[in-house]
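Here is the file final.pdb (PDB, C-alpha atoms).
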MODEL        1
ATOM      1  CA  MET U   1      31.949 -31.305   2.047  1.00  0.00           C
ATOM      2  CA  LEU U   2      28.363 -31.351   0.858  1.00  0.00           C
ATOM      3  CA  ALA U   3      26.712 -34.451   2.226  1.00  0.00           C
ATOM      4  CA  ASP U   4      23.251 -35.684   1.454  1.00  0.00           C
ATOM      5  CA  GLU U   5      20.567 -35.976   4.114  1.00  0.00           C
ATOM      6  CA  ALA U   6      21.001 -39.728   4.593  1.00  0.00           C
ATOM      7  CA  SER U   7      24.773 -39.404   5.060  1.00  0.00           C
ATOM      8  CA  LEU U   8      24.383 -36.573   7.554  1.00  0.00           C
ATOM      9  CA  SER U   9      21.781 -38.475   9.539  1.00  0.00           C
ATOM     10  CA  ARG U  10      24.042 -41.535   9.586  1.00  0.00           C
ATOM     11  CA  LEU U  11      27.026 -39.425  10.709  1.00  0.00           C
ATOM     12  CA  ALA U  12      24.960 -37.863  13.486  1.00  0.00           C
ATOM     13  CA  ALA U  13      23.817 -41.288  14.696  1.00  0.00           C
ATOM     14  CA  LEU U  14      27.417 -42.519  14.734  1.00  0.00           C
ATOM     15  CA  ALA U  15      28.535 -39.353  16.512  1.00  0.00           C
ATOM     16  CA  GLN U  16      25.908 -39.947  19.192  1.00  0.00           C
ATOM     17  CA  ARG U  17      27.505 -43.343  19.812  1.00  0.00           C
ATOM     18  CA  GLY U  18      30.942 -41.763  20.246  1.00  0.00           C
ATOM     19  CA  ASP U  19      32.480 -42.103  16.766  1.00  0.00           C
ATOM     20  CA  ARG U  20      34.939 -39.198  16.663  1.00  0.00           C
ATOM     21  CA  GLN U  21      35.563 -39.364  12.921  1.00  0.00           C
ATOM     22  CA  ALA U  22      31.840 -39.303  12.180  1.00  0.00           C
ATOM     23  CA  TYR U  23      31.455 -36.391  14.587  1.00  0.00           C
ATOM     24  CA  ALA U  24      34.226 -34.419  12.869  1.00  0.00           C
ATOM     25  CA  ALA U  25      32.761 -35.156   9.420  1.00  0.00           C
ATOM     26  CA  MET U  26      29.279 -34.158  10.575  1.00  0.00           C
ATOM     27  CA  LEU U  27      30.555 -30.859  12.009  1.00  0.00           C
ATOM     28  CA  THR U  28      32.484 -30.133   8.808  1.00  0.00           C
ATOM     29  CA  ALA U  29      29.358 -30.681   6.703  1.00  0.00           C
ATOM     30  CA  CYS U  30      27.243 -28.647   9.130  1.00  0.00           C
ATOM     31  CA  ARG U  31      29.787 -25.827   9.066  1.00  0.00           C
ATOM     32  CA  SER U  32      29.663 -25.653   5.255  1.00  0.00           C
ATOM     33  CA  TRP U  33      25.876 -25.495   5.298  1.00  0.00           C
ATOM     34  CA  LEU U  34      25.842 -22.895   8.091  1.00  0.00           C
ATOM     35  CA  LEU U  35      28.282 -20.632   6.235  1.00  0.00           C
ATOM     36  CA  ARG U  36      25.943 -20.612   3.231  1.00  0.00           C
ATOM     37  CA  TYR U  37      22.885 -20.142   5.459  1.00  0.00           C
ATOM     38  CA  TYR U  38      24.255 -17.144   7.375  1.00  0.00           C
ATOM     39  CA  ARG U  39      25.906 -15.562   4.315  1.00  0.00           C
ATOM     40  CA  ARG U  40      22.430 -14.625   3.087  1.00  0.00           C
ATOM     41  CA  LYS U  41      21.313 -13.236   6.441  1.00  0.00           C
ATOM     42  CA  VAL U  42      24.044 -11.304   8.234  1.00  0.00           C
ATOM     43  CA  ALA U  43      27.019  -9.034   7.674  1.00  0.00           C
ATOM     44  CA  PRO U  44      30.239 -10.864   6.723  1.00  0.00           C
ATOM     45  CA  GLU U  45      32.014  -9.949   9.959  1.00  0.00           C
ATOM     46  CA  VAL U  46      29.329 -11.731  12.012  1.00  0.00           C
ATOM     47  CA  ILE U  47      29.130 -14.999  10.052  1.00  0.00           C
ATOM     48  CA  GLU U  48      31.990 -16.886  11.698  1.00  0.00           C
ATOM     49  CA  ASP U  49      30.771 -16.059  15.216  1.00  0.00           C
ATOM     50  CA  LEU U  50      27.256 -17.236  14.390  1.00  0.00           C
ATOM     51  CA  VAL U  51      28.577 -20.435  12.807  1.00  0.00           C
ATOM     52  CA  GLN U  52      30.656 -21.188  15.914  1.00  0.00           C
ATOM     53  CA  GLU U  53      27.739 -20.454  18.258  1.00  0.00           C
ATOM     54  CA  THR U  54      25.518 -22.718  16.193  1.00  0.00           C
ATOM     55  CA  LEU U  55      28.067 -25.533  16.145  1.00  0.00           C
ATOM     56  CA  LEU U  56      28.299 -25.257  19.933  1.00  0.00           C
ATOM     57  CA  SER U  57      24.525 -25.587  20.109  1.00  0.00           C
ATOM     58  CA  VAL U  58      24.684 -28.610  17.793  1.00  0.00           C
ATOM     59  CA  HIS U  59      27.278 -30.136  20.121  1.00  0.00           C
ATOM     60  CA  ARG U  60      25.138 -29.472  23.209  1.00  0.00           C
ATOM     61  CA  LYS U  61      21.930 -30.745  21.588  1.00  0.00           C
ATOM     62  CA  LEU U  62      23.342 -33.756  19.718  1.00  0.00           C
ATOM     63  CA  ALA U  63      21.974 -36.143  22.334  1.00  0.00           C
ATOM     64  CA  SER U  64      18.464 -34.824  21.618  1.00  0.00           C
ATOM     65  CA  TYR U  65      18.703 -35.589  17.886  1.00  0.00           C
ATOM     66  CA  ASP U  66      16.489 -38.501  16.791  1.00  0.00           C
ATOM     67  CA  PRO U  67      18.492 -40.582  14.263  1.00  0.00           C
ATOM     68  CA  GLY U  68      15.243 -41.789  12.715  1.00  0.00           C
ATOM     69  CA  ARG U  69      14.481 -38.265  11.494  1.00  0.00           C
ATOM     70  CA  PRO U  70      16.255 -36.055   8.925  1.00  0.00           C
ATOM     71  CA  LEU U  71      19.159 -34.026  10.278  1.00  0.00           C
ATOM     72  CA  MET U  72      18.813 -30.909   8.098  1.00  0.00           C
ATOM     73  CA  PRO U  73      15.512 -29.636   9.571  1.00  0.00           C
ATOM     74  CA  TRP U  74      16.990 -30.161  13.041  1.00  0.00           C
ATOM     75  CA  LEU U  75      20.132 -28.224  12.074  1.00  0.00           C
ATOM     76  CA  ALA U  76      18.080 -25.510  10.344  1.00  0.00           C
ATOM     77  CA  ALA U  77      15.982 -25.038  13.479  1.00  0.00           C
ATOM     78  CA  ILE U  78      19.088 -24.607  15.624  1.00  0.00           C
ATOM     79  CA  ALA U  79      20.559 -22.155  13.103  1.00  0.00           C
ATOM     80  CA  ARG U  80      17.315 -20.204  13.035  1.00  0.00           C
ATOM     81  CA  TYR U  81      17.237 -19.927  16.826  1.00  0.00           C
ATOM     82  CA  ARG U  82      20.861 -18.708  16.859  1.00  0.00           C
ATOM     83  CA  PHE U  83      19.968 -16.174  14.147  1.00  0.00           C
ATOM     84  CA  ILE U  84      16.979 -14.925  16.146  1.00  0.00           C
ATOM     85  CA  ASP U  85      19.193 -14.603  19.232  1.00  0.00           C
ATOM     86  CA  HIS U  86      21.599 -12.544  17.136  1.00  0.00           C
ATOM     87  CA  LEU U  87      18.733 -10.322  15.972  1.00  0.00           C
ATOM     88  CA  ARG U  88      17.529  -9.836  19.535  1.00  0.00           C
ATOM     89  CA  CYS U  89      20.999  -8.757  20.644  1.00  0.00           C
ATOM     90  CA  ALA U  90      21.252  -6.360  17.712  1.00  0.00           C
ATOM     91  CA  TYR U  91      17.756  -5.057  18.482  1.00  0.00           C
ATOM     92  CA  ARG U  92      18.663  -4.445  22.117  1.00  0.00           C
ATOM     93  CA  SER U  93      21.819  -2.630  21.053  1.00  0.00           C
ATOM     94  CA  ALA U  94      19.828  -0.537  18.625  1.00  0.00           C
ATOM     95  CA  GLY U  95      17.227   0.106  21.329  1.00  0.00           C
ATOM     96  CA  GLU U  96      19.813   1.784  23.526  1.00  0.00           C
ATOM     97  CA  ALA U  97      20.046   4.588  20.991  1.00  0.00           C
ATOM     98  CA  GLU U  98      17.012   6.636  20.015  1.00  0.00           C
ATOM     99  CA  LEU U  99      15.355   4.858  17.099  1.00  0.00           C
ATOM    100  CA  ASP U 100      13.560   7.062  14.667  1.00  0.00           C
ATOM    101  CA  ASP U 101      13.462   7.136  10.883  1.00  0.00           C
ATOM    102  CA  ASP U 102      16.209   9.760  10.660  1.00  0.00           C
ATOM    103  CA  THR U 103      18.769   7.909  12.779  1.00  0.00           C
ATOM    104  CA  THR U 104      18.329   4.268  11.808  1.00  0.00           C
ATOM    105  CA  ASP U 105      20.593   2.888   9.143  1.00  0.00           C
ATOM    106  CA  GLY U 106      19.699   0.067   6.765  1.00  0.00           C
ATOM    107  CA  HIS U 107      21.014  -2.649   9.091  1.00  0.00           C
ATOM    108  CA  ASP U 108      18.959  -1.427  12.054  1.00  0.00           C
ATOM    109  CA  GLN U 109      15.847  -1.223   9.910  1.00  0.00           C
ATOM    110  CA  ALA U 110      16.456  -4.760   8.685  1.00  0.00           C
ATOM    111  CA  VAL U 111      16.785  -6.011  12.268  1.00  0.00           C
ATOM    112  CA  ILE U 112      13.582  -4.257  13.322  1.00  0.00           C
ATOM    113  CA  ALA U 113      11.760  -5.597  10.259  1.00  0.00           C
ATOM    114  CA  ARG U 114      12.964  -9.117  11.011  1.00  0.00           C
ATOM    115  CA  LEU U 115      11.797  -8.921  14.617  1.00  0.00           C
ATOM    116  CA  SER U 116       8.404  -7.664  13.455  1.00  0.00           C
ATOM    117  CA  LEU U 117       8.196 -10.539  10.995  1.00  0.00           C
ATOM    118  CA  ASP U 118       9.106 -13.029  13.720  1.00  0.00           C
ATOM    119  CA  ARG U 119       6.271 -11.651  15.864  1.00  0.00           C
ATOM    120  CA  LEU U 120       3.836 -12.081  12.970  1.00  0.00           C
ATOM    121  CA  PHE U 121       5.143 -15.599  12.337  1.00  0.00           C
ATOM    122  CA  GLU U 122       4.178 -16.557  15.896  1.00  0.00           C
ATOM    123  CA  ALA U 123       0.534 -16.484  14.750  1.00  0.00           C
ATOM    124  CA  LEU U 124       1.195 -19.096  12.045  1.00  0.00           C
ATOM    125  CA  PRO U 125       1.352 -22.860  12.398  1.00  0.00           C
ATOM    126  CA  ASP U 126       4.931 -24.163  12.255  1.00  0.00           C
ATOM    127  CA  ALA U 127       4.491 -25.767   8.819  1.00  0.00           C
ATOM    128  CA  GLN U 128       3.286 -22.516   7.244  1.00  0.00           C
ATOM    129  CA  GLN U 129       5.951 -20.478   8.980  1.00  0.00           C
ATOM    130  CA  ARG U 130       8.736 -22.844   7.866  1.00  0.00           C
ATOM    131  CA  ALA U 131       7.511 -22.980   4.243  1.00  0.00           C
ATOM    132  CA  ILE U 132       7.360 -19.173   3.977  1.00  0.00           C
ATOM    133  CA  GLU U 133      10.751 -18.805   5.665  1.00  0.00           C
ATOM    134  CA  LEU U 134      12.457 -21.240   3.311  1.00  0.00           C
ATOM    135  CA  VAL U 135      10.895 -20.146   0.016  1.00  0.00           C
ATOM    136  CA  LYS U 136      10.062 -16.465   0.404  1.00  0.00           C
ATOM    137  CA  ILE U 137      12.839 -15.331   2.749  1.00  0.00           C
ATOM    138  CA  GLU U 138      15.754 -17.721   2.210  1.00  0.00           C
ATOM    139  CA  GLY U 139      15.059 -18.105  -1.503  1.00  0.00           C
ATOM    140  CA  LEU U 140      14.899 -21.892  -1.719  1.00  0.00           C
ATOM    141  CA  SER U 141      12.885 -23.469  -4.497  1.00  0.00           C
ATOM    142  CA  ILE U 142       9.670 -25.335  -3.733  1.00  0.00           C
ATOM    143  CA  SER U 143      11.437 -28.657  -4.303  1.00  0.00           C
ATOM    144  CA  GLU U 144      14.329 -27.700  -1.983  1.00  0.00           C
ATOM    145  CA  ALA U 145      11.858 -26.603   0.697  1.00  0.00           C
ATOM    146  CA  SER U 146      10.006 -29.875   0.219  1.00  0.00           C
ATOM    147  CA  VAL U 147      13.179 -31.858   0.887  1.00  0.00           C
ATOM    148  CA  SER U 148      14.096 -29.679   3.870  1.00  0.00           C
ATOM    149  CA  THR U 149      10.682 -29.925   5.543  1.00  0.00           C
ATOM    150  CA  GLY U 150       9.752 -33.457   4.527  1.00  0.00           C
ATOM    151  CA  GLN U 151       6.488 -32.157   3.038  1.00  0.00           C
ATOM    152  CA  SER U 152       5.305 -32.775  -0.497  1.00  0.00           C
ATOM    153  CA  GLU U 153       5.799 -29.937  -2.974  1.00  0.00           C
ATOM    154  CA  SER U 154       2.033 -29.458  -3.116  1.00  0.00           C
ATOM    155  CA  LEU U 155       1.818 -29.149   0.657  1.00  0.00           C
ATOM    156  CA  VAL U 156       4.664 -26.602   0.693  1.00  0.00           C
ATOM    157  CA  LYS U 157       2.746 -24.498  -1.863  1.00  0.00           C
ATOM    158  CA  VAL U 158      -0.477 -24.790   0.146  1.00  0.00           C
ATOM    159  CA  ASN U 159       1.310 -23.827   3.366  1.00  0.00           C
ATOM    160  CA  ILE U 160       2.852 -20.776   1.698  1.00  0.00           C
ATOM    161  CA  HIS U 161      -0.482 -19.675   0.243  1.00  0.00           C
ATOM    162  CA  ARG U 162      -2.399 -20.132   3.493  1.00  0.00           C
ATOM    163  CA  GLY U 163       0.354 -18.593   5.585  1.00  0.00           C
ATOM    164  CA  LEU U 164       0.621 -15.496   3.386  1.00  0.00           C
ATOM    165  CA  ARG U 165      -3.149 -15.121   3.380  1.00  0.00           C
ATOM    166  CA  ARG U 166      -3.194 -15.349   7.182  1.00  0.00           C
ATOM    167  CA  LEU U 167      -0.327 -12.827   7.490  1.00  0.00           C
ATOM    168  CA  ALA U 168      -2.160 -10.414   5.191  1.00  0.00           C
ATOM    169  CA  ALA U 169      -5.271 -10.699   7.351  1.00  0.00           C
ATOM    170  CA  LEU U 170      -3.216 -10.056  10.507  1.00  0.00           C
ATOM    171  CA  ILE U 171      -1.589  -6.987   8.996  1.00  0.00           C
ATOM    172  CA  GLU U 172      -4.935  -5.589   7.826  1.00  0.00           C
ATOM    173  CA  ARG U 173      -6.252  -5.814  11.399  1.00  0.00           C
ATOM    174  CA  LEU U 174      -3.313  -3.765  12.730  1.00  0.00           C
TER     175      LEU U 174
ENDMDL
END
The structure in this file should be written as structure tokens.
Amino acid sequence: MLADEASLSRLAALAQRGDRQAYAAMLTACRSWLLRYYRRKVAPEVIEDLVQETLLSVHRKLASYDPGRPLMPWLAAIARYRFIDHLRCAYRSAGEAELDDDTTDGHDQAVIARLSLDRLFEALPDAQQRAIELVKIEGLSISEASVSTGQSESLVKVNIHRGLRRLAALIERL
């Protein structure tokens, strides 16, 4: 089930009030989105676990959702935090073994690169970080990122430009 933003927000509001059918429909739609989201980020054998962990987080945090706001950015934030937790666990596991260029495989290098990128992103304002994440890393179009963030397409472009410029300056100082 691919639901639009308004339908998902309505389902979440109903679920908050105890509507079991709305809750089940919301989780089904969230699960579909999460499968697509994680498919681009992690190995296939990890996807289902991450989806389930994220749905548990959605369940735990549903009371904190503001029905007056779009659901997708809220869900995307939860998914991103679960993904970062996954990367941290993988990084810790990789850290137990000696990490040098000769012994790291492609997956380990990707995890280390992602953690480094997350550290750099901490220096960016949230709007710039989110715009870069959606367009440059996840591969969304400017218009899709605009819908996801609630920003105009022009503002998404500006945030990407400024964020990349700031990241370049940070890297040059290193």
Checklist entry - Could you write out as a PyMOL selection string the residues that the PyMOL selection byres ((chain U and resi 33) around 12) matches in the shown file? => result chain U and resi 1-5+8+26-32+34-40+47+51+54-55+71-73+75-76+79
Checklist outcome for this item: The distance between CA of Arg20 in chain U and CA of Glu48 in chain U is 23.0 Å
Checklist entry - Quick one: of U:Val42, U:Leu167, U:Leu56, U:Ala63, who's nearest to Ala12 in chain U, counting all atoms listed in the file? => result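 Looking at the shortest contact to Ala12 in chain U, the residue is U:Ala63.
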Checklist entry - What gap, in Å, lies between CA of Ala6 in chain U and CA of Pro70 in chain U? => result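 These two atoms are separated by 7.4 Å.
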Checklist entry - Can you tell me how far CA of Phe121 in chain U sits from CA of Glu45 in chain U, in Å to one decimal? => result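 Interatomic distance here is 27.6 Å.
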Residue contacts of Gly163 in chain U (9 Å, all atoms listed in the file) excluding same-chain residues fewer than 4 positions away, as a compact mmCIF listing (two decimals) with C-alpha atoms, keeping the file's coordinate frame:
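Below you can see result-v4.txt, which holds the result:
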# COMPACT_ATOMS: atom_id res chain seq x y z
CA PHE U 121 5.14 -15.60 12.34
CA LEU U 124 1.20 -19.10 12.04
CA PRO U 125 1.35 -22.86 12.40
CA ALA U 127 4.49 -25.77 8.82
CA GLN U 128 3.29 -22.52 7.24
CA GLN U 129 5.95 -20.48 8.98
CA ALA U 131 7.51 -22.98 4.24
CA ILE U 132 7.36 -19.17 3.98
CA VAL U 158 -0.48 -24.79 0.15
CA ASN U 159 1.31 -23.83 3.37
CA LEU U 167 -0.33 -12.83 7.49
CA ALA U 168 -2.16 -10.41 5.19
Next on the checklist: Residues within 10 Å of Gln16 in chain U, please, as a list in words. Count only C-alpha atoms; anything in the same chain fewer than 6 positions from it doesn't count.
Outcome noted: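 My list of contacting residues is Arg10, Ala22, Tyr23, His59, Leu62, Ala63, Ser64, Tyr65, Asp66 and Pro67 of chain U.
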Checklist entry - When the PyMOL selection byres ((chain U and resi 143) around 12) is applied to the file above, which residues end up in the set, as a VMD selection string? => result chain U and resid 131 134 to 135 139 to 142 144 to 157
Keeping only C-alpha atoms, write those residues as a short mmCIF file (atom, residue, chain, number, x, y, z; two decimals), in the coordinates of the input.
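Result written to result_18.cif:
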data_model
loop_
_atom_site.label_atom_id
_atom_site.label_comp_id
_atom_site.auth_asym_id
_atom_site.auth_seq_id
_atom_site.Cartn_x
_atom_site.Cartn_y
_atom_site.Cartn_z
CA ALA U 131 7.51 -22.98 4.24
CA LEU U 134 12.46 -21.24 3.31
CA VAL U 135 10.90 -20.15 0.02
CA GLY U 139 15.06 -18.10 -1.50
CA LEU U 140 14.90 -21.89 -1.72
CA SER U 141 12.88 -23.47 -4.50
CA ILE U 142 9.67 -25.34 -3.73
CA GLU U 144 14.33 -27.70 -1.98
CA ALA U 145 11.86 -26.60 0.70
CA SER U 146 10.01 -29.88 0.22
CA VAL U 147 13.18 -31.86 0.89
CA SER U 148 14.10 -29.68 3.87
CA THR U 149 10.68 -29.92 5.54
CA GLY U 150 9.75 -33.46 4.53
CA GLN U 151 6.49 -32.16 3.04
CA SER U 152 5.30 -32.78 -0.50
CA GLU U 153 5.80 -29.94 -2.97
CA SER U 154 2.03 -29.46 -3.12
CA LEU U 155 1.82 -29.15 0.66
CA VAL U 156 4.66 -26.60 0.69
CA LYS U 157 2.75 -24.50 -1.86
#
